[in-house]
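Novice: Here you go, one structure.
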Amino acid sequence: MEHLRATIQPLTLVDQVEDKLLNYLKESDISVGDSIPNEIELAATIGVARSVLREALSRLKMLGIIETRPRRGMIMTAPSVFNGMKRIIDPRILDEQTVFEMLHFRITLEIGMCSDLFLNLTEEDLCELDDIIKHSVLYENNEYDPYSEYNFHAKLYEIAGNKIVSEFQEMVYPLMTFVNKKFKDLIEPINIELEKEGKIVTHKELFSYLKERDEDGFTKALKNHFLSYKRLMRSRT
């Protein structure tokens with residue numbers, strides 16, 4: 001059974017150079033928009049072959065930390081916080097628990113931004129939300145078509161005024177579509193039960209709280225709006 005024992009694999013040379021590059025960028029006080037020394041200088045500074053350095057640089061470019069521009073060479077750029085996550089946030093390669101944890105995180109995030117939503121809300125925003133609702137497609141049992149669902153909630157994220165939050169919404173959108181499709185037969189009876197309990201909340205009803213500037217009412221209604229997902233998640237644990 002000795003051959004089954006796990007062994008700790010050492011970092012590859014490229015891994016080490018990647019770490020050294022990141023430390024170099026931090027210690028050199030290079031800011032976003034600043035130029036970065038060329039490959040020859042970097043290879044000499046770190047003490048590695050250019051071929052190894054080039055592979056490490058390519059990793060940082062994939063992460064959006066470094067960018068090559070005409071006549072300027074390599075410069076430091078501001079990476080997207082979710083750049084790496086976008087490659088793996090795919091319901092086809094995630095297990096059910098991870099999908100539901102991402103869904104729960106999204107719900108918690110949206111409920112938590114209610115205060116910012118009301119701080120930033122303008123009459124123009126209300127007009128846009130009203131238009132989104134008028135053009136939304138609502139099926140039976142409080143189920144919106146994916147485009148309508150995305151447009152309404154994406155607008156809420158936009159009003160909250162946090163670009164990272166908006167980026168997260170775009171990233172997690174396929175997961176929401178996946179959950180609604182895969183668990184449709186489980187969500188429908190939950191919505192029927194919520195209807196009997198008087199806890200179904202549509203986008204139109206959420207909008208009415210926004211229009212009245214009723215933050216407390218909106219927050220409570222938003223929690224009920226997500227009740228079907230919460231009950232679904234509890235039923236799967």
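Each chain in the structure tokens gets a letter, A, B and so on, in the order shown; residues start at 1 in every chain, and ligands are counted from 1 in the order they appear.
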To test your reading of the structure, identify every residue in chain A that backbone DSSP assigns to strand (DSSP E), and report it as a list in words.

Specialist: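 DSSP on the backbone gives strand (DSSP E) at Ile66, Glu67, Thr68, Arg69, Gly73, Met74, Ile75 and Met76 of chain A.
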
Novice: If you count only C-alpha atoms, which residues fall within 10 Å of Tyr147 in chain A, apart from same-chain ones fewer than 4 positions away, as a ChimeraX atom specification?

Specialist: /A:136-137,151-152,173,177

Novice: Selected residues, N, CA and C atoms, written as a compact mmCIF listing (two decimals), in the first residue's frame, please.

Specialist:
# COMPACT_ATOMS: atom_id res chain seq x y z
N SER A 136 -40.99 42.48 -19.15
CA SER A 136 -40.63 41.17 -18.60
C SER A 136 -41.65 40.11 -18.97
N VAL A 137 -41.17 38.88 -19.00
CA VAL A 137 -42.05 37.74 -19.27
C VAL A 137 -42.15 36.91 -17.98
N ASN A 151 -32.16 40.99 -16.20
CA ASN A 151 -32.24 42.44 -16.39
C ASN A 151 -32.67 43.17 -15.11
N PHE A 152 -33.67 42.61 -14.43
CA PHE A 152 -34.17 43.28 -13.23
C PHE A 152 -33.11 43.31 -12.14
N TYR A 173 -24.88 34.46 -13.04
CA TYR A 173 -26.13 34.35 -13.79
C TYR A 173 -26.36 32.96 -14.40
N THR A 177 -29.71 30.28 -13.88
CA THR A 177 -30.44 29.67 -15.00
C THR A 177 -30.41 28.14 -14.88

Novice: Need the shell around Cys114 in chain A: protein/DNA/RNA residues with any atom at most 12 Å away, counting only C-alpha atoms. Skip same-chain ones fewer than 4 positions apart. Format as a PDB file with C-alpha atoms, in the first residue's frame?

Specialist:
ATOM      1  CA  ILE A 107     -28.859  35.953  -2.235  1.00  0.00           C
ATOM      2  CA  THR A 108     -27.021  37.137   0.886  1.00  0.00           C
ATOM      3  CA  LEU A 109     -25.107  39.702  -1.155  1.00  0.00           C
ATOM      4  CA  GLU A 110     -28.223  41.142  -2.771  1.00  0.00           C
ATOM      5  CA  PHE A 118     -31.807  53.282  -1.510  1.00  0.00           C
ATOM      6  CA  LEU A 119     -28.937  55.715  -1.028  1.00  0.00           C
ATOM      7  CA  ASN A 120     -28.240  55.766  -4.774  1.00  0.00           C
ATOM      8  CA  LEU A 121     -31.749  55.344  -6.176  1.00  0.00           C
ATOM      9  CA  LEU A 156     -30.448  46.562  -8.820  1.00  0.00           C
ATOM     10  CA  TYR A 157     -26.746  45.691  -8.686  1.00  0.00           C
ATOM     11  CA  ILE A 159     -27.917  51.054  -8.724  1.00  0.00           C
ATOM     12  CA  ALA A 160     -25.994  49.797  -5.671  1.00  0.00           C
ATOM     13  CA  GLY A 161     -22.950  51.309  -7.384  1.00  0.00           C
ATOM     14  CA  LEU A 206     -40.430  44.908  -5.241  1.00  0.00           C
ATOM     15  CA  TYR A 209     -41.375  49.452  -2.420  1.00  0.00           C
ATOM     16  CA  LEU A 210     -38.551  51.127  -4.311  1.00  0.00           C
ATOM     17  CA  ARG A 213     -38.704  54.638  -0.876  1.00  0.00           C
ATOM     18  CA  ASP A 214     -39.652  52.020   1.722  1.00  0.00           C
ATOM     19  CA  GLU A 215     -36.323  50.369   2.555  1.00  0.00           C
ATOM     20  CA  ASP A 216     -37.629  48.144   5.352  1.00  0.00           C
ATOM     21  CA  GLY A 217     -40.573  46.961   3.263  1.00  0.00           C
ATOM     22  CA  PHE A 218     -38.314  46.293   0.284  1.00  0.00           C
ATOM     23  CA  THR A 219     -35.786  44.332   2.364  1.00  0.00           C
ATOM     24  CA  LYS A 220     -38.488  42.084   3.825  1.00  0.00           C
ATOM     25  CA  ALA A 221     -40.075  41.613   0.388  1.00  0.00           C
ATOM     26  CA  LEU A 222     -36.708  40.751  -1.178  1.00  0.00           C
ATOM     27  CA  LYS A 223     -36.156  38.052   1.442  1.00  0.00           C
TER      28      LYS A 223
END

Novice: Interatomic distance between CA of Lys182 in chain A and CA of Glu170 in chain A?

Specialist: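 Atom-to-atom, CA of Lys182 in chain A to CA of Glu170 in chain A, that is 19.6 Å.
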
Novice: Kindly indicate which residue among A:Ile40, A:Leu53, A:Ile132, A:Ile111 lies nearest to Asp19 in chain A, using only C-alpha atoms for the distances.

Specialist: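 Closest to Asp19 in chain A of all the choices is A:Leu53.
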
Novice: Env of range 66-79 of chain A: 10 Å cut, atoms = only C-alpha atoms, seq-sep filter 5 positions within chain, self excluded. Answer as a ChimeraX atom specification.

Specialist: /A:25,30-39,57-61,84

Novice: Counting only C-alpha atoms, which residue out of A:Tyr150, A:Phe183, A:Tyr24, A:Phe226 sits closest to Val201 in chain A?

Specialist: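 The shortest atom-to-atom distance to Val201 in chain A comes from A:Phe226.
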
Novice: If I take CA of Thr122 in chain A and CA of Asn224 in chain A, how far is one from the other in Å, to one decimal?

Specialist: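 Distance reported for this atom pair: 24.3 Å.
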
Novice: Find, counting only C-alpha atoms, the residue in A:Asn162, A:Ala56, A:Lys181, A:Val48 that gets nearest to Leu117 in chain A.

Specialist: A:Asn162

Novice: For Arg231 in chain A, list every protein, DNA or RNA residue within 10 Å, evaluated using only C-alpha atoms, and leave out those in the same chain fewer than 5 positions away; present the list as a ChimeraX atom specification.

Specialist: /A:186-187,190-191,226,236

Novice: Would you write out those residues with N, CA and C atoms, as an mmCIF file, in the first residue's frame?

Specialist:
data_model
loop_
_atom_site.group_PDB
_atom_site.id
_atom_site.type_symbol
_atom_site.label_atom_id
_atom_site.label_comp_id
_atom_site.auth_asym_id
_atom_site.auth_seq_id
_atom_site.Cartn_x
_atom_site.Cartn_y
_atom_site.Cartn_z
ATOM 1 N N LEU A 186 -39.022 20.781 -8.647
ATOM 2 C CA LEU A 186 -39.012 20.970 -7.197
ATOM 3 C C LEU A 186 -39.400 22.396 -6.816
ATOM 4 N N ILE A 187 -39.013 23.360 -7.665
ATOM 5 C CA ILE A 187 -39.301 24.764 -7.374
ATOM 6 C C ILE A 187 -40.782 25.084 -7.549
ATOM 7 N N ILE A 190 -42.929 24.387 -4.540
ATOM 8 C CA ILE A 190 -42.543 25.319 -3.472
ATOM 9 C C ILE A 190 -43.230 26.659 -3.698
ATOM 10 N N ASN A 191 -43.238 27.130 -4.936
ATOM 11 C CA ASN A 191 -43.887 28.403 -5.258
ATOM 12 C C ASN A 191 -45.401 28.335 -5.052
ATOM 13 N N PHE A 226 -36.793 35.512 -2.460
ATOM 14 C CA PHE A 226 -35.813 34.426 -2.591
ATOM 15 C C PHE A 226 -36.184 33.185 -1.783
ATOM 16 N N ARG A 236 -32.523 19.998 -0.069
ATOM 17 C CA ARG A 236 -31.460 19.207 -0.689
ATOM 18 C C ARG A 236 -30.332 18.886 0.293
#

Novice: I need the residue nearest Val99 in chain A from this list: A:Ile133, A:Val14, A:Leu175, A:Leu63. Use only C-alpha atoms for the distance.

Specialist: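 Closest residue, counting only C-alpha atoms: A:Leu175.
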
Novice: Using only C-alpha atoms, which protein or nucleic acid residues come within 9 Å of Ile200 in chain A? Drop anything in the same chain fewer than 6 positions from it, and give the result as a PyMOL selection string.

Specialist: chain A and resi 141-142+191-192+194+221+224-225+227-228

Novice: Could the residues in this selection be written to a file with C-alpha atoms, as a PDB file, in the first residue's frame?

Specialist:
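Saved file result01.pdb follows:
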ATOM      1  CA  ASN A 141     -45.763  30.037 -10.389  1.00  0.00           C
ATOM      2  CA  ASN A 142     -43.716  33.244 -10.249  1.00  0.00           C
ATOM      3  CA  ASN A 191     -43.887  28.403  -5.258  1.00  0.00           C
ATOM      4  CA  ILE A 192     -47.427  27.004  -5.123  1.00  0.00           C
ATOM      5  CA  LEU A 194     -45.633  30.102  -1.009  1.00  0.00           C
ATOM      6  CA  ALA A 221     -40.075  41.613   0.388  1.00  0.00           C
ATOM      7  CA  ASN A 224     -39.524  36.546   0.517  1.00  0.00           C
ATOM      8  CA  HIS A 225     -38.658  36.884  -3.173  1.00  0.00           C
ATOM      9  CA  LEU A 227     -37.760  32.057  -0.316  1.00  0.00           C
ATOM     10  CA  SER A 228     -38.273  29.437  -3.024  1.00  0.00           C
TER      11      SER A 228
END

Novice: What residues in range 104-229 of chain A get the DSSP label helix (DSSP H, G or I)? Please answer as a PyMOL selection string.

Specialist: chain A and resi 104-112+114-120+123-134+140-142+146-160+163-182+184-197+203-211+215-225+227-229

Novice: Quick one: distance from CA of Met176 in chain A to CA of Pro146 in chain A in Å, one decimal?

Specialist: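 Distance reported for this atom pair: 8.5 Å.
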
Novice: For Ile89 in chain A, list every protein, DNA or RNA residue within 12 Å, evaluated using only C-alpha atoms, and leave out those in the same chain fewer than 5 positions away; present the list as a list in words.

Specialist: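 Listed by chain and then number, they are Phe82, Asn83, Gly84, Leu94, Asp95, Thr98, Val99, Glu101, Met102, Leu103, Phe168, Gln169, Glu170, Met171, Val172, Tyr173, Pro174, Leu175, Met176 and Phe178 of chain A.
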